[in-house]
Amino acid sequence: MVYNPFLETTNVKLEIINPDNSIYFTKEITVNQTTQNWVIQDYPAGQVIFRITASSDSGTNAVKEFHMTIHESTFDLSIVNDNLALEFTANGRSNTEKNPAQWNYNDINASFERFVWSGADGWVESDTGETVLRFLPKDKMIIPFYPFATDKRSNGYTMEFELSSHNVNDYDSVIVSCVNEGRGFVIKSQSIIFKSEQSKEIVMMFKEDERVRITVVVEPQTLNRFIYMYVNGIICAVEQYPENDNFRQSTPQPITIGSDTCGLDLYKMRFYNRNLTMHE
């Protein structure tokens, strides 16, 4: 909590300091005089400082530091970065930021519709304490990234989503889509549908109100030409596409996220310009 007797809100800087005193993480937010929570899962090992700085107009800042010894986990969890074309993560975001209605990856800038950036939608904490991008019905996010502007048979392709649908009133509710003339994918409240020009429509089911990791992998034509679908790392569907198939959309579509008839929590999203292996 931060109290400024002259202002209803206060500018606060959150910092994580490396053992060598360099800055590992920094974020500036504006808070009111209510209890705030700082939840973050990404920080280094060693003698780490978590610093909270509240600024004032007089130039005298209030600083609170937490000195912690972080022991590195024996569990090795790393993100595959090879040929990563797009990555979304809600980690570290907050509705109290100066510009919560802003998200970008490299030169890709998303647009938002109907979000009010309150405690009900936007960058909020899930029940497990992780930050998610929460969509209420009619909230929309459009990412000008065009996965199927090119064919995928030469190098393969991988799409991965970590999400949870909730308050579902219509099981045909579309929560994520990138489709043109039947080519591409549609994620509904309980299923994902993927199709190329000539392949069969591949459908895989998952549960609503449960965080799931959905992965679609397209093998290059030099391998078995398989299209795999995974839920939480387990293969749940597979189909072989024809040798003369085509994944390119005649009018490439962006990624549209959000539904008119159900809610959505979006944790992470990744697109790779190659096929990830089963181990990856």
# chains A, B, ... in the order shown; residues from 1 in each chain; ligands from 1
call {"tool": "residues_around", "arguments": {"residues": "stretch 25-29 of chain A", "least_positions_apart": "6", "cutoff": "9 Å", "atoms": "only C-alpha atoms", "output": "list of chain:residue names"}}
result
A:Thr10, A:Asn11, A:Val12, A:Lys13, A:Leu14, A:Glu15, A:Ile16, A:Ile17, A:Asn18, A:Asp42, A:Tyr43, A:Gly92, A:Arg93, A:Ser94, A:Asn95, A:Thr96, A:Glu97, A:Lys98
call {"tool": "write_last_selection", "arguments": {"atoms": "N, CA and C atoms", "output": "PDB file, in the first residue's frame"}}
result
ATOM      1  N   THR A  10      -0.658   7.427  -6.904  1.00  0.00           N
ATOM      2  CA  THR A  10       0.789   7.580  -6.790  1.00  0.00           C
ATOM      3  C   THR A  10       1.464   6.764  -7.884  1.00  0.00           C
ATOM      4  N   ASN A  11       2.506   7.336  -8.480  1.00  0.00           N
ATOM      5  CA  ASN A  11       3.308   6.598  -9.459  1.00  0.00           C
ATOM      6  C   ASN A  11       4.291   5.690  -8.730  1.00  0.00           C
ATOM      7  N   VAL A  12       4.291   4.436  -9.106  1.00  0.00           N
ATOM      8  CA  VAL A  12       5.122   3.430  -8.441  1.00  0.00           C
ATOM      9  C   VAL A  12       5.967   2.705  -9.483  1.00  0.00           C
ATOM     10  N   LYS A  13       7.225   2.477  -9.151  1.00  0.00           N
ATOM     11  CA  LYS A  13       8.113   1.691 -10.006  1.00  0.00           C
ATOM     12  C   LYS A  13       8.420   0.361  -9.311  1.00  0.00           C
ATOM     13  N   LEU A  14       8.244  -0.740 -10.044  1.00  0.00           N
ATOM     14  CA  LEU A  14       8.589  -2.075  -9.565  1.00  0.00           C
ATOM     15  C   LEU A  14       9.869  -2.517 -10.255  1.00  0.00           C
ATOM     16  N   GLU A  15      10.849  -2.953  -9.474  1.00  0.00           N
ATOM     17  CA  GLU A  15      12.128  -3.376 -10.055  1.00  0.00           C
ATOM     18  C   GLU A  15      12.598  -4.674  -9.418  1.00  0.00           C
ATOM     19  N   ILE A  16      13.240  -5.498 -10.245  1.00  0.00           N
ATOM     20  CA  ILE A  16      13.946  -6.684  -9.751  1.00  0.00           C
ATOM     21  C   ILE A  16      15.412  -6.487 -10.095  1.00  0.00           C
ATOM     22  N   ILE A  17      16.273  -6.554  -9.081  1.00  0.00           N
ATOM     23  CA  ILE A  17      17.697  -6.264  -9.229  1.00  0.00           C
ATOM     24  C   ILE A  17      18.478  -7.572  -9.224  1.00  0.00           C
ATOM     25  N   ASN A  18      19.294  -7.768 -10.255  1.00  0.00           N
ATOM     26  CA  ASN A  18      20.144  -8.955 -10.361  1.00  0.00           C
ATOM     27  C   ASN A  18      21.193  -8.989  -9.247  1.00  0.00           C
ATOM     28  N   ASP A  42       8.786 -14.599 -13.020  1.00  0.00           N
ATOM     29  CA  ASP A  42      10.032 -14.556 -13.775  1.00  0.00           C
ATOM     30  C   ASP A  42      11.043 -13.700 -13.028  1.00  0.00           C
ATOM     31  N   TYR A  43      12.052 -14.336 -12.437  1.00  0.00           N
ATOM     32  CA  TYR A  43      13.091 -13.614 -11.718  1.00  0.00           C
ATOM     33  C   TYR A  43      14.332 -14.498 -11.658  1.00  0.00           C
ATOM     34  N   GLY A  92       3.348 -10.250 -16.010  1.00  0.00           N
ATOM     35  CA  GLY A  92       3.921  -8.948 -15.700  1.00  0.00           C
ATOM     36  C   GLY A  92       3.061  -7.751 -16.075  1.00  0.00           C
ATOM     37  N   ARG A  93       1.892  -7.990 -16.704  1.00  0.00           N
ATOM     38  CA  ARG A  93       1.031  -6.882 -17.094  1.00  0.00           C
ATOM     39  C   ARG A  93       0.032  -6.544 -15.991  1.00  0.00           C
ATOM     40  N   SER A  94      -0.551  -5.338 -16.063  1.00  0.00           N
ATOM     41  CA  SER A  94      -1.485  -4.890 -15.041  1.00  0.00           C
ATOM     42  C   SER A  94      -2.399  -3.815 -15.622  1.00  0.00           C
ATOM     43  N   ASN A  95      -3.636  -3.779 -15.159  1.00  0.00           N
ATOM     44  CA  ASN A  95      -4.567  -2.725 -15.570  1.00  0.00           C
ATOM     45  C   ASN A  95      -4.172  -1.357 -15.028  1.00  0.00           C
ATOM     46  N   THR A  96      -3.297  -1.322 -14.044  1.00  0.00           N
ATOM     47  CA  THR A  96      -2.874  -0.057 -13.460  1.00  0.00           C
ATOM     48  C   THR A  96      -1.702   0.569 -14.209  1.00  0.00           C
ATOM     49  N   GLU A  97      -1.259  -0.070 -15.295  1.00  0.00           N
ATOM     50  CA  GLU A  97      -0.212   0.529 -16.120  1.00  0.00           C
ATOM     51  C   GLU A  97      -0.716   1.830 -16.745  1.00  0.00           C
ATOM     52  N   LYS A  98       0.209   2.638 -17.210  1.00  0.00           N
ATOM     53  CA  LYS A  98      -0.181   3.885 -17.861  1.00  0.00           C
ATOM     54  C   LYS A  98      -0.903   3.619 -19.179  1.00  0.00           C
TER      55      LYS A  98
END
call {"tool": "residues_around", "arguments": {"residues": "stretch 120-137 of chain A", "least_positions_apart": "6", "cutoff": "7 Å", "atoms": "only C-alpha atoms", "output": "ChimeraX atom specification"}}
result
/A:39,90-95,258-267
call {"tool": "write_last_selection", "arguments": {"atoms": "C-alpha atoms", "output": "PDB file, in the first residue's frame"}}
result
ATOM      1  CA  VAL A  39       2.657 -11.248  -8.638  1.00  0.00           C
ATOM      2  CA  ALA A  90       0.247 -11.843 -20.019  1.00  0.00           C
ATOM      3  CA  ASN A  91       2.922 -12.225 -17.348  1.00  0.00           C
ATOM      4  CA  GLY A  92       3.921  -8.948 -15.700  1.00  0.00           C
ATOM      5  CA  ARG A  93       1.031  -6.882 -17.094  1.00  0.00           C
ATOM      6  CA  SER A  94      -1.485  -4.890 -15.041  1.00  0.00           C
ATOM      7  CA  ASN A  95      -4.567  -2.725 -15.570  1.00  0.00           C
ATOM      8  CA  GLY A 258     -12.605 -12.760 -28.142  1.00  0.00           C
ATOM      9  CA  SER A 259     -16.204 -13.950 -28.294  1.00  0.00           C
ATOM     10  CA  ASP A 260     -19.628 -12.343 -28.224  1.00  0.00           C
ATOM     11  CA  THR A 261     -21.125 -15.122 -26.089  1.00  0.00           C
ATOM     12  CA  CYS A 262     -18.494 -16.349 -23.613  1.00  0.00           C
ATOM     13  CA  GLY A 263     -15.500 -15.256 -21.581  1.00  0.00           C
ATOM     14  CA  LEU A 264     -11.860 -16.115 -22.148  1.00  0.00           C
ATOM     15  CA  ASP A 265      -8.630 -16.080 -20.150  1.00  0.00           C
ATOM     16  CA  LEU A 266      -5.559 -15.910 -22.393  1.00  0.00           C
ATOM     17  CA  TYR A 267      -2.251 -16.867 -20.773  1.00  0.00           C
TER      18      TYR A 267
END
call {"tool": "closest_residue", "arguments": {"among": "A:Thr9, A:Ser111, A:Ser56, A:Asn167", "to": "A:Gln33", "atoms": "only C-alpha atoms"}}
result
A:Thr9
call {"tool": "atom_distance", "arguments": {"atom1": "atom CA of A:Arg153", "atom2": "atom CA of A:Ile108"}}
result
24.5 Å
call {"tool": "select_by_dssp", "arguments": {"residues": "stretch 104-138 of chain A", "states": "strand (DSSP E or B)", "output": "mmCIF file with N, CA and C atoms, in the first residue's frame"}}
result
data_model
loop_
_atom_site.group_PDB
_atom_site.id
_atom_site.type_symbol
_atom_site.label_atom_id
_atom_site.label_comp_id
_atom_site.auth_asym_id
_atom_site.auth_seq_id
_atom_site.Cartn_x
_atom_site.Cartn_y
_atom_site.Cartn_z
ATOM 1 N N ASN A 104 2.479 -5.250 -27.911
ATOM 2 C CA ASN A 104 3.216 -5.392 -29.164
ATOM 3 C C ASN A 104 4.276 -6.474 -29.021
ATOM 4 N N TYR A 105 4.614 -7.036 -30.152
ATOM 5 C CA TYR A 105 5.733 -7.991 -30.252
ATOM 6 C C TYR A 105 6.557 -7.565 -31.450
ATOM 7 N N ILE A 108 4.834 -5.693 -34.312
ATOM 8 C CA ILE A 108 3.436 -6.106 -34.418
ATOM 9 C C ILE A 108 2.675 -5.486 -33.251
ATOM 10 N N ASN A 109 1.706 -4.624 -33.530
ATOM 11 C CA ASN A 109 0.947 -3.928 -32.494
ATOM 12 C C ASN A 109 -0.520 -4.331 -32.560
ATOM 13 N N SER A 111 -4.630 -4.311 -31.499
ATOM 14 C CA SER A 111 -5.672 -3.338 -31.190
ATOM 15 C C SER A 111 -6.717 -3.998 -30.303
ATOM 16 N N PHE A 112 -7.365 -3.200 -29.456
ATOM 17 C CA PHE A 112 -8.339 -3.713 -28.499
ATOM 18 C C PHE A 112 -9.676 -3.007 -28.699
ATOM 19 N N GLU A 113 -10.755 -3.758 -28.480
ATOM 20 C CA GLU A 113 -12.094 -3.205 -28.614
ATOM 21 C C GLU A 113 -12.918 -3.550 -27.377
ATOM 22 N N GLY A 122 -9.369 -7.303 -18.871
ATOM 23 C CA GLY A 122 -8.017 -6.796 -19.055
ATOM 24 C C GLY A 122 -6.992 -7.671 -18.358
ATOM 25 N N TRP A 123 -5.919 -7.045 -17.883
ATOM 26 C CA TRP A 123 -4.810 -7.767 -17.253
ATOM 27 C C TRP A 123 -5.153 -8.010 -15.786
ATOM 28 N N VAL A 124 -5.662 -9.186 -15.466
ATOM 29 C CA VAL A 124 -6.105 -9.496 -14.105
ATOM 30 C C VAL A 124 -5.449 -10.787 -13.638
ATOM 31 N N GLU A 125 -5.545 -11.044 -12.354
ATOM 32 C CA GLU A 125 -4.988 -12.269 -11.783
ATOM 33 C C GLU A 125 -6.008 -13.392 -11.825
ATOM 34 N N THR A 131 -1.113 -13.799 -14.002
ATOM 35 C CA THR A 131 -1.760 -12.747 -14.766
ATOM 36 C C THR A 131 -2.277 -13.316 -16.078
ATOM 37 N N VAL A 132 -3.514 -12.961 -16.428
ATOM 38 C CA VAL A 132 -4.119 -13.374 -17.688
ATOM 39 C C VAL A 132 -4.682 -12.134 -18.368
ATOM 40 N N LEU A 133 -4.901 -12.234 -19.670
ATOM 41 C CA LEU A 133 -5.684 -11.224 -20.379
ATOM 42 C C LEU A 133 -7.112 -11.757 -20.397
ATOM 43 N N ARG A 134 -7.985 -11.147 -19.595
ATOM 44 C CA ARG A 134 -9.361 -11.646 -19.437
ATOM 45 C C ARG A 134 -10.300 -10.903 -20.383
ATOM 46 N N PHE A 135 -11.013 -11.681 -21.184
ATOM 47 C CA PHE A 135 -12.001 -11.161 -22.119
ATOM 48 C C PHE A 135 -13.397 -11.416 -21.559
#
call {"tool": "atom_distance", "arguments": {"atom1": "atom CA of A:Tyr230", "atom2": "atom CA of A:Asp107"}}
result
29.4 Å
